[in-house]
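Undergrad: This is upload-v2.txt (compact mmCIF, C-alpha atoms and all ligand atoms).
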```txt
# COMPACT_ATOMS: atom_id res chain seq x y z
CA MET A 1 -24.65 -118.85 -30.23
CA SER A 2 -21.23 -119.95 -29.11
CA PRO A 3 -21.37 -121.18 -25.47
CA ASN A 4 -18.58 -118.76 -24.59
CA ILE A 5 -20.84 -115.81 -25.31
CA THR A 6 -23.23 -114.57 -22.62
CA LEU A 7 -25.89 -112.29 -24.02
CA PHE A 8 -27.87 -109.78 -21.97
CA ILE A 9 -30.71 -108.04 -23.77
CA GLU A 10 -31.87 -104.85 -22.07
CA ASN A 11 -34.96 -102.79 -22.82
CA ASP A 12 -33.21 -99.60 -23.80
CA TYR A 13 -29.94 -97.69 -23.80
CA GLU A 14 -30.29 -96.55 -20.17
CA GLN A 15 -30.69 -100.10 -18.92
CA LEU A 16 -27.89 -101.32 -21.17
CA SER A 17 -25.62 -98.65 -19.69
CA ARG A 18 -26.48 -99.55 -16.11
CA LYS A 19 -26.04 -103.28 -16.76
CA ALA A 20 -22.67 -102.79 -18.44
CA ALA A 21 -21.44 -100.52 -15.62
CA ARG A 22 -22.47 -103.11 -13.02
CA ILE A 23 -20.74 -105.95 -14.86
CA PHE A 24 -17.61 -103.86 -15.20
CA ALA A 25 -17.69 -102.81 -11.54
CA ASP A 26 -18.02 -106.44 -10.46
CA SER A 27 -14.89 -107.27 -12.42
CA VAL A 28 -12.97 -104.30 -10.98
CA ARG A 29 -14.00 -105.34 -7.45
CA THR A 30 -12.17 -108.65 -7.89
CA ASN A 31 -8.96 -106.73 -8.62
CA PRO A 32 -9.19 -102.95 -8.13
CA VAL A 33 -5.59 -102.43 -9.26
CA GLY A 34 -5.95 -104.56 -12.41
CA SER A 35 -5.65 -103.50 -16.04
CA PHE A 36 -8.84 -102.74 -17.94
CA GLY A 37 -9.47 -101.89 -21.59
CA PHE A 38 -11.64 -98.94 -22.64
CA ALA A 39 -13.40 -97.90 -25.82
CA THR A 40 -14.61 -94.53 -27.05
CA GLY A 41 -17.54 -93.79 -29.36
CA GLY A 42 -21.16 -93.11 -28.53
CA THR A 43 -22.11 -96.52 -27.16
CA PRO A 44 -20.11 -96.63 -23.89
CA GLU A 45 -20.87 -93.01 -22.94
CA GLY A 46 -23.92 -93.99 -20.89
CA MET A 47 -21.95 -96.73 -19.16
CA TYR A 48 -19.24 -94.22 -18.26
CA THR A 49 -21.85 -91.87 -16.81
CA GLU A 50 -23.15 -94.73 -14.67
CA MET A 51 -19.61 -95.56 -13.53
CA ILE A 52 -19.10 -91.95 -12.45
CA LYS A 53 -22.33 -92.13 -10.43
CA MET A 54 -21.16 -95.36 -8.78
CA GLN A 55 -17.78 -93.84 -7.96
CA LYS A 56 -19.38 -90.73 -6.43
CA ALA A 57 -21.87 -92.82 -4.43
CA GLY A 58 -19.02 -94.97 -3.08
CA GLU A 59 -20.48 -98.09 -4.71
CA ALA A 60 -17.31 -98.80 -6.68
CA ASP A 61 -13.75 -97.58 -6.89
CA PHE A 62 -12.38 -97.21 -10.40
CA SER A 63 -9.56 -94.89 -9.40
CA GLN A 64 -6.88 -97.50 -8.85
CA LEU A 65 -7.11 -99.47 -12.08
CA THR A 66 -4.77 -99.06 -15.02
CA ALA A 67 -6.55 -98.14 -18.26
CA TYR A 68 -5.64 -99.12 -21.79
CA ASN A 69 -7.62 -97.59 -24.61
CA LEU A 70 -8.27 -99.39 -27.83
CA ASP A 71 -7.32 -96.70 -30.26
CA GLU A 72 -6.55 -93.10 -31.15
CA TYR A 73 -6.74 -91.12 -34.35
CA PHE A 74 -3.44 -90.40 -36.06
CA PRO A 75 -2.24 -87.77 -36.33
CA ILE A 76 -4.11 -85.77 -33.71
CA GLU A 77 -2.99 -83.55 -30.86
CA PRO A 78 -3.88 -85.20 -27.52
CA ASP A 79 -5.69 -82.03 -26.40
CA HIS A 80 -7.76 -81.79 -29.62
CA HIS A 81 -11.45 -81.84 -28.66
CA GLN A 82 -12.02 -84.95 -30.81
CA SER A 83 -8.97 -86.92 -29.66
CA TYR A 84 -9.77 -90.07 -27.74
CA GLU A 85 -7.44 -88.89 -25.00
CA TYR A 86 -9.65 -85.82 -24.58
CA PHE A 87 -12.81 -87.95 -24.79
CA MET A 88 -11.69 -90.31 -22.03
CA ALA A 89 -10.53 -87.48 -19.76
CA ASN A 90 -13.87 -85.70 -20.13
CA LYS A 91 -16.28 -88.61 -20.19
CA LEU A 92 -14.71 -90.71 -17.47
CA PHE A 93 -11.14 -90.51 -16.24
CA ASP A 94 -11.17 -87.06 -14.61
CA ALA A 95 -14.46 -87.72 -12.84
CA ILE A 96 -13.36 -91.06 -11.38
CA GLY A 97 -10.03 -89.57 -10.27
CA LEU A 98 -7.87 -91.82 -12.42
CA PRO A 99 -4.27 -90.57 -12.19
CA HIS A 100 -2.67 -89.51 -15.49
CA ASP A 101 0.06 -92.14 -15.23
CA LYS A 102 -2.62 -94.86 -15.30
CA ARG A 103 -4.19 -93.66 -18.56
CA ASN A 104 -2.68 -95.45 -21.53
CA ILE A 105 -3.82 -94.36 -24.98
CA PRO A 106 -1.79 -94.55 -28.19
CA ARG A 107 -0.25 -91.13 -28.77
CA GLY A 108 -1.78 -89.31 -31.69
CA ASP A 109 1.21 -86.95 -31.76
CA ALA A 110 3.93 -89.62 -31.74
CA LYS A 111 6.79 -89.02 -34.18
CA ASP A 112 6.45 -92.42 -35.78
CA PRO A 113 3.05 -94.15 -35.61
CA HIS A 114 4.56 -97.56 -36.34
CA ILE A 115 6.97 -97.37 -33.41
CA GLU A 116 4.21 -95.99 -31.19
CA ALA A 117 1.94 -98.89 -32.20
CA ALA A 118 4.62 -101.51 -31.57
CA GLU A 119 5.43 -100.07 -28.14
CA TYR A 120 1.76 -99.83 -27.24
CA ASP A 121 1.22 -103.45 -28.22
CA VAL A 122 3.96 -104.63 -25.85
CA LEU A 123 2.48 -102.50 -23.08
CA ALA A 124 -1.10 -103.70 -23.60
CA ILE A 125 -0.22 -107.38 -23.91
CA GLY A 126 2.16 -107.22 -20.94
CA SER A 127 -0.56 -105.67 -18.78
CA ARG A 128 -2.90 -108.69 -19.07
CA ILE A 129 -6.16 -106.84 -19.54
CA GLN A 130 -8.84 -108.30 -17.29
CA MET A 131 -11.87 -106.89 -19.10
CA GLN A 132 -11.90 -105.12 -22.45
CA ILE A 133 -14.87 -102.90 -23.31
CA LEU A 134 -15.76 -102.91 -27.01
CA GLY A 135 -18.29 -101.23 -29.25
CA ILE A 136 -18.95 -102.49 -32.77
CA GLY A 137 -18.77 -100.44 -35.95
CA ASN A 138 -21.59 -100.54 -38.50
CA ASN A 139 -19.14 -102.42 -40.70
CA GLY A 140 -18.21 -104.89 -37.94
CA HIS A 141 -14.98 -103.26 -36.88
CA ILE A 142 -13.64 -103.61 -33.34
CA GLY A 143 -11.17 -100.96 -32.32
CA PHE A 144 -10.29 -99.64 -35.77
CA ASN A 145 -9.70 -103.09 -37.20
CA GLU A 146 -11.62 -102.59 -40.41
CA PRO A 147 -13.03 -105.34 -42.66
CA SER A 148 -10.17 -106.87 -44.58
CA ASP A 149 -9.00 -110.14 -46.08
CA TYR A 150 -7.05 -110.99 -42.93
CA PHE A 151 -7.36 -110.39 -39.19
CA ARG A 152 -4.88 -107.70 -38.18
CA GLY A 153 -2.83 -109.21 -35.36
CA ALA A 154 -0.83 -106.64 -33.48
CA THR A 155 -1.50 -103.00 -32.69
CA GLY A 156 -0.84 -100.97 -35.80
CA HIS A 157 -1.22 -97.79 -37.81
CA VAL A 158 -4.28 -98.26 -40.02
CA ALA A 159 -6.23 -96.46 -42.72
CA LEU A 160 -9.90 -95.94 -41.87
CA THR A 161 -12.52 -97.06 -44.37
CA GLN A 162 -14.93 -94.58 -45.93
CA SER A 163 -17.78 -96.06 -43.86
CA THR A 164 -15.89 -95.33 -40.62
CA ILE A 165 -14.85 -91.86 -41.81
CA ASP A 166 -18.49 -91.09 -42.66
CA SER A 167 -19.69 -92.36 -39.32
CA ASN A 168 -17.06 -90.33 -37.41
CA ALA A 169 -17.92 -87.19 -39.39
CA ARG A 170 -20.79 -86.42 -37.00
CA TYR A 171 -18.22 -85.36 -34.39
CA PHE A 172 -16.21 -82.98 -36.60
CA ASP A 173 -16.96 -79.47 -37.86
CA SER A 174 -16.29 -80.39 -41.47
CA PRO A 175 -15.87 -83.71 -43.32
CA ASP A 176 -12.34 -82.64 -44.30
CA ASP A 177 -11.34 -82.55 -40.63
CA VAL A 178 -12.15 -86.23 -40.05
CA PRO A 179 -8.92 -88.21 -39.56
CA ARG A 180 -8.15 -90.83 -42.20
CA HIS A 181 -5.83 -92.92 -40.04
CA ALA A 182 -5.60 -94.29 -36.52
CA ILE A 183 -3.50 -96.42 -34.25
CA THR A 184 -5.53 -99.38 -33.02
CA MET A 185 -4.98 -102.38 -30.83
CA GLY A 186 -4.92 -105.36 -33.17
CA VAL A 187 -7.37 -108.23 -33.12
CA LYS A 188 -4.82 -110.49 -31.46
CA THR A 189 -4.17 -107.92 -28.75
CA ILE A 190 -7.90 -107.54 -28.12
CA MET A 191 -8.38 -111.31 -28.04
CA MET A 192 -5.79 -111.60 -25.26
CA ALA A 193 -8.07 -109.82 -22.77
CA GLU A 194 -9.42 -112.23 -20.19
CA THR A 195 -13.03 -111.11 -20.73
CA ILE A 196 -14.57 -109.04 -23.50
CA LEU A 197 -17.53 -106.78 -22.72
CA LEU A 198 -19.20 -105.89 -26.03
CA LEU A 199 -21.91 -103.22 -26.11
CA ALA A 200 -24.34 -102.62 -28.95
CA SER A 201 -27.23 -100.20 -29.05
CA GLY A 202 -29.81 -99.20 -31.63
CA GLU A 203 -31.45 -100.77 -34.63
CA ALA A 204 -28.65 -99.76 -36.99
CA LYS A 205 -26.37 -102.25 -35.22
CA ALA A 206 -28.83 -105.17 -35.41
CA PRO A 207 -27.64 -106.73 -38.70
CA ILE A 208 -23.93 -106.47 -37.91
CA LEU A 209 -24.43 -107.77 -34.38
CA TRP A 210 -26.08 -110.86 -35.83
CA ASP A 211 -23.25 -111.26 -38.34
CA ALA A 212 -20.67 -110.91 -35.57
CA LEU A 213 -22.23 -113.33 -33.12
CA LYS A 214 -23.95 -115.86 -35.34
CA GLY A 215 -22.49 -115.43 -38.79
CA LEU A 216 -19.40 -116.83 -40.42
CA ILE A 217 -16.09 -116.07 -38.69
CA THR A 218 -14.42 -113.88 -41.28
CA PRO A 219 -12.08 -110.88 -41.36
CA LEU A 220 -14.76 -109.21 -43.48
CA VAL A 221 -16.60 -108.91 -40.15
CA PRO A 222 -13.73 -108.37 -37.70
CA ALA A 223 -16.00 -108.70 -34.64
CA SER A 224 -16.89 -112.26 -35.70
CA ILE A 225 -13.52 -113.38 -34.26
CA LEU A 226 -15.10 -112.88 -30.83
CA GLN A 227 -16.92 -116.19 -31.38
CA MET A 228 -13.49 -117.76 -30.79
CA HIS A 229 -12.86 -115.94 -27.50
CA ARG A 230 -13.31 -117.91 -24.30
CA ASP A 231 -15.34 -115.32 -22.38
CA VAL A 232 -17.47 -112.71 -24.11
CA ILE A 233 -20.28 -110.79 -22.43
CA VAL A 234 -22.58 -108.95 -24.82
CA VAL A 235 -24.92 -106.27 -23.51
CA ALA A 236 -27.33 -105.13 -26.19
CA ASP A 237 -30.59 -103.24 -26.14
CA ASN A 238 -33.74 -104.69 -27.71
CA ALA A 239 -33.20 -102.74 -30.90
CA ALA A 240 -29.65 -104.00 -31.51
CA ALA A 241 -30.55 -107.55 -30.50
CA LYS A 242 -33.71 -107.80 -32.56
CA HIS A 243 -32.38 -110.39 -35.01
CA LEU A 244 -30.65 -112.37 -32.26
CA ALA A 245 -33.79 -112.54 -30.19
CA ALA A 246 -35.82 -113.70 -33.17
CA VAL A 247 -33.75 -116.88 -33.68
C1 LIG B 1 -13.87 -96.78 -30.28
C2 LIG B 1 -13.75 -97.88 -31.22
C3 LIG B 1 -14.79 -98.19 -32.23
C4 LIG B 1 -16.23 -97.99 -31.75
C5 LIG B 1 -17.20 -98.30 -32.87
C6 LIG B 1 -18.64 -98.06 -32.46
O1 LIG B 1 -12.75 -96.71 -29.42
O2 LIG B 1 -12.76 -98.50 -31.18
O3 LIG B 1 -14.61 -99.52 -32.63
O4 LIG B 1 -16.47 -98.81 -30.65
O5 LIG B 1 -16.91 -97.51 -33.99
O6 LIG B 1 -18.82 -96.68 -32.26
P1 LIG B 1 -20.18 -96.12 -31.66
O7 LIG B 1 -20.23 -96.60 -30.24
O8 LIG B 1 -20.03 -94.63 -31.74
O9 LIG B 1 -21.29 -96.66 -32.48
```
Please go through the file and, once you have read it, give me the structure as structure tokens.

TA:
Amino acid sequence: MSPNITLFIENDYEQLSRKAARIFADSVRTNPVGSFGFATGGTPEGMYTEMIKMQKAGEADFSQLTAYNLDEYFPIEPDHHQSYEYFMANKLFDAIGLPHDKRNIPRGDAKDPHIEAAEYDVLAIGSRIQMQILGIGNNGHIGFNEPSDYFRGATGHVALTQSTIDSNARYFDSPDDVPRHAITMGVKTIMMAETILLLASGEAKAPILWDALKGLITPLVPASILQMHRDVIVVADNAAAKHLAAV
């Protein structure tokens, strides 16, 4: 494993969530008004629940940071129950008291997704993200940077692959409702974060986590670029880390 990657293997999802929340809180403590990157999806939900507990118990203060989310479906109304804006408000931001003007998420209702993406890129890069939370797709995507023959650099308007559409379908009433496009931070934008905090849970992620951390660095596995980042913390549960632990 690349020496720039620190791997924590936890027994189960609950422990993974607690560990990730503690690592994140330690980073926020060094600069409570800093910029931090957030992800949606199932994996960080437990971590967000832990963060809310820490905030309520007075063990951490997440209310002063500035948040930048990785991605948003396009098009989608921000108040749609499957928008990432809605997700973040309900799973974390409202409960930690994060003011609305500190919540940055690409706008799913922007007039022009390309202009929105370009403006968001400038904002995210200019903010110097201290720690970026990431999940990993079954196909190795980070944000919505899907497998491709090149690493997408800047934030952009992207088409989702069938594998991602299928995996997102669990959240929608009907498969036809699943968005086909998104605005996502690009790989370059993600790589500019000072520290990356990658979470992976469950056996289904085990093969792709191995590919990402120990396999060839290739845009066919977008997360493999993280091997080139100077400071990556991976928190995985036993199931997701099973191939890593075996080597
Ligand atoms: C979410 C995101 C995606 C997810 C990935 C894993 O903002 O950008 O890359 O992190 O699809 O999703 P889950 O955690 O649902 O397995």

Undergrad: Sorted by chain and rising residue number, list the residues of chain A at most 6 Å from ligand LIG 1 (chain B) (counting all atoms listed in the file), each with its closest atom pair and distance in Å to one decimal, as CSV.

TA:
```
residue,atom,partner,partner_atom,distance
A:Ala39,CA,B:LIG1,O1,3.8
A:Thr40,CA,B:LIG1,O1,3.7
A:Gly41,CA,B:LIG1,O8,3.5
A:Gly42,CA,B:LIG1,O8,3.7
A:Thr43,CA,B:LIG1,O7,3.6
A:Leu70,CA,B:LIG1,O1,5.5
A:Asp71,CA,B:LIG1,O1,5.5
A:Leu134,CA,B:LIG1,O4,5.5
A:Gly135,CA,B:LIG1,O4,3.3
A:Ile136,CA,B:LIG1,C6,4.5
A:Gly137,CA,B:LIG1,O5,4.0
A:His141,CA,B:LIG1,O3,5.7
A:Ile142,CA,B:LIG1,O3,4.3
A:Gly143,CA,B:LIG1,O2,3.1
A:Phe144,CA,B:LIG1,O2,5.3
```

Undergrad: Please build the interface table for region 126-231 of chain A against region 77-99 of chain A with a cut-off of 10 Å, listing for each qualifying residue the nearest atom pair and the distance in Å to one decimal; count only C-alpha atoms, order rows by chain and increasing number, and write it as JSON lines.

TA:
```
{"residue": "A:Asn168", "atom": "CA", "partner": "A:Gln82", "partner_atom": "CA", "distance": 9.9}
{"residue": "A:Tyr171", "atom": "CA", "partner": "A:Gln82", "partner_atom": "CA", "distance": 7.2}
{"residue": "A:Phe172", "atom": "CA", "partner": "A:Gln82", "partner_atom": "CA", "distance": 7.4}
{"residue": "A:Val178", "atom": "CA", "partner": "A:Gln82", "partner_atom": "CA", "distance": 9.3}
{"residue": "A:Pro179", "atom": "CA", "partner": "A:Gln82", "partner_atom": "CA", "distance": 9.8}
```

Undergrad: When you look at Ile133 (chain A) with a cut-off of 6 Å (counting only C-alpha atoms), what residues show up, excluding the ones that are within fewer than 6 positions of it in the same chain? I need them as an mmCIF file with C-alpha atoms, keeping the file's coordinate frame.

TA:
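So the final result, stored in result_14.cif, reads:
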```cif
data_model
loop_
_atom_site.group_PDB
_atom_site.id
_atom_site.type_symbol
_atom_site.label_atom_id
_atom_site.label_comp_id
_atom_site.auth_asym_id
_atom_site.auth_seq_id
_atom_site.Cartn_x
_atom_site.Cartn_y
_atom_site.Cartn_z
ATOM 1 C CA GLY A 37 -9.470 -101.890 -21.590
ATOM 2 C CA PHE A 38 -11.640 -98.940 -22.640
ATOM 3 C CA ALA A 39 -13.400 -97.900 -25.820
ATOM 4 C CA LEU A 197 -17.530 -106.780 -22.720
ATOM 5 C CA LEU A 198 -19.200 -105.890 -26.030
#
```

Undergrad: If you count all atoms listed in the file, which residues fall within 7 Å of region 109-126 of chain A, apart from same-chain ones fewer than 3 positions away, as number ranges by chain?

TA: A: 68, 75-78, 106, 154-157, 183, 185, 189

Undergrad: Rounded to one decimal, what separation in Å do you get between CA of Asn104 (chain A) and CA of Ala67 (chain A)?

TA: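 Separation between CA of Asn104 (chain A) and CA of Ala67 (chain A): 5.7 Å.
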
Undergrad: So what do you get for CA of Asp149 (chain A) versus CA of Phe36 (chain A), distance-wise?

TA: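 Between these atoms lies a distance of 29.1 Å.
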
Undergrad: Within 12 Å of (-19.7, -107.7, -13.4), in the coordinates the file gives, what residues turn up when you count only C-alpha atoms, written out as a PyMOL selection string?

TA: chain A and resi 18-31+60+130-131+195-197+233-235

Undergrad: Go through A:Ala206, A:Met47, A:Leu244, A:Ile225 one by one, measure the shortest atom-to-atom distance of each to Leu16 (chain A) using all atoms listed in the file, and give the residue with the smallest value.

TA: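 When distances to Leu16 (chain A) are compared using all atoms listed in the file, the smallest one comes from A:Met47.
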
Undergrad: At a cut-off of 12 Å around the point (-19.5, -95.5, -44.1) (file coordinates), what residues fall inside when counting all atoms listed in the file? I'd like the answer as a list in words.

TA: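 All residues meeting the 12 Å criterion around (-19.5, -95.5, -44.1) are Gly137, Asn138, Asn139, Gly140, His141, Glu146, Pro147, Leu160, Thr161, Gln162, Ser163, Thr164, Ile165, Asp166, Ser167, Asn168, Ala169 and Arg170 of chain A.
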
Undergrad: State, in Å with one decimal place, the distance from CA of Phe62 (chain A) to CA of Tyr13 (chain A).

TA: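 About the pair CA of Phe62 (chain A) and CA of Tyr13 (chain A): they are 22.1 Å apart.
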
Undergrad: Kindly complete region 35-46 of chain A to N, CA and C atoms; the output should be written as an mmCIF file, in the frame of the given file.

TA:
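Contents of part_31.cif, as written:
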```cif
data_model
loop_
_atom_site.group_PDB
_atom_site.id
_atom_site.type_symbol
_atom_site.label_atom_id
_atom_site.label_comp_id
_atom_site.auth_asym_id
_atom_site.auth_seq_id
_atom_site.Cartn_x
_atom_site.Cartn_y
_atom_site.Cartn_z
ATOM 1 N N SER A 35 -5.658 -104.241 -14.773
ATOM 2 C CA SER A 35 -5.650 -103.500 -16.040
ATOM 3 C C SER A 35 -6.974 -103.736 -16.767
ATOM 4 N N PHE A 36 -7.542 -102.661 -17.275
ATOM 5 C CA PHE A 36 -8.840 -102.740 -17.940
ATOM 6 C C PHE A 36 -8.790 -101.975 -19.251
ATOM 7 N N GLY A 37 -9.516 -102.493 -20.256
ATOM 8 C CA GLY A 37 -9.470 -101.890 -21.590
ATOM 9 C C GLY A 37 -10.721 -101.055 -21.843
ATOM 10 N N PHE A 38 -10.524 -99.879 -22.406
ATOM 11 C CA PHE A 38 -11.640 -98.940 -22.640
ATOM 12 C C PHE A 38 -11.819 -98.656 -24.125
ATOM 13 N N ALA A 39 -13.058 -98.277 -24.453
ATOM 14 C CA ALA A 39 -13.400 -97.900 -25.820
ATOM 15 C C ALA A 39 -13.984 -96.492 -25.800
ATOM 16 N N THR A 40 -13.937 -95.822 -26.915
ATOM 17 C CA THR A 40 -14.610 -94.530 -27.050
ATOM 18 C C THR A 40 -15.853 -94.737 -27.926
ATOM 19 N N GLY A 41 -16.345 -93.671 -28.522
ATOM 20 C CA GLY A 41 -17.540 -93.790 -29.360
ATOM 21 C C GLY A 41 -18.781 -93.502 -28.532
ATOM 22 N N GLY A 42 -19.920 -93.471 -29.198
ATOM 23 C CA GLY A 42 -21.160 -93.110 -28.530
ATOM 24 C C GLY A 42 -21.660 -94.183 -27.573
ATOM 25 N N THR A 43 -21.460 -95.444 -27.920
ATOM 26 C CA THR A 43 -22.110 -96.520 -27.160
ATOM 27 C C THR A 43 -21.717 -96.561 -25.679
ATOM 28 N N PRO A 44 -20.423 -96.500 -25.327
ATOM 29 C CA PRO A 44 -20.110 -96.630 -23.890
ATOM 30 C C PRO A 44 -20.316 -95.358 -23.070
ATOM 31 N N GLU A 45 -20.733 -94.273 -23.704
ATOM 32 C CA GLU A 45 -20.870 -93.010 -22.940
ATOM 33 C C GLU A 45 -21.813 -93.155 -21.749
ATOM 34 N N GLY A 46 -22.944 -93.818 -21.967
ATOM 35 C CA GLY A 46 -23.920 -93.990 -20.890
ATOM 36 C C GLY A 46 -23.347 -94.849 -19.770
#
```
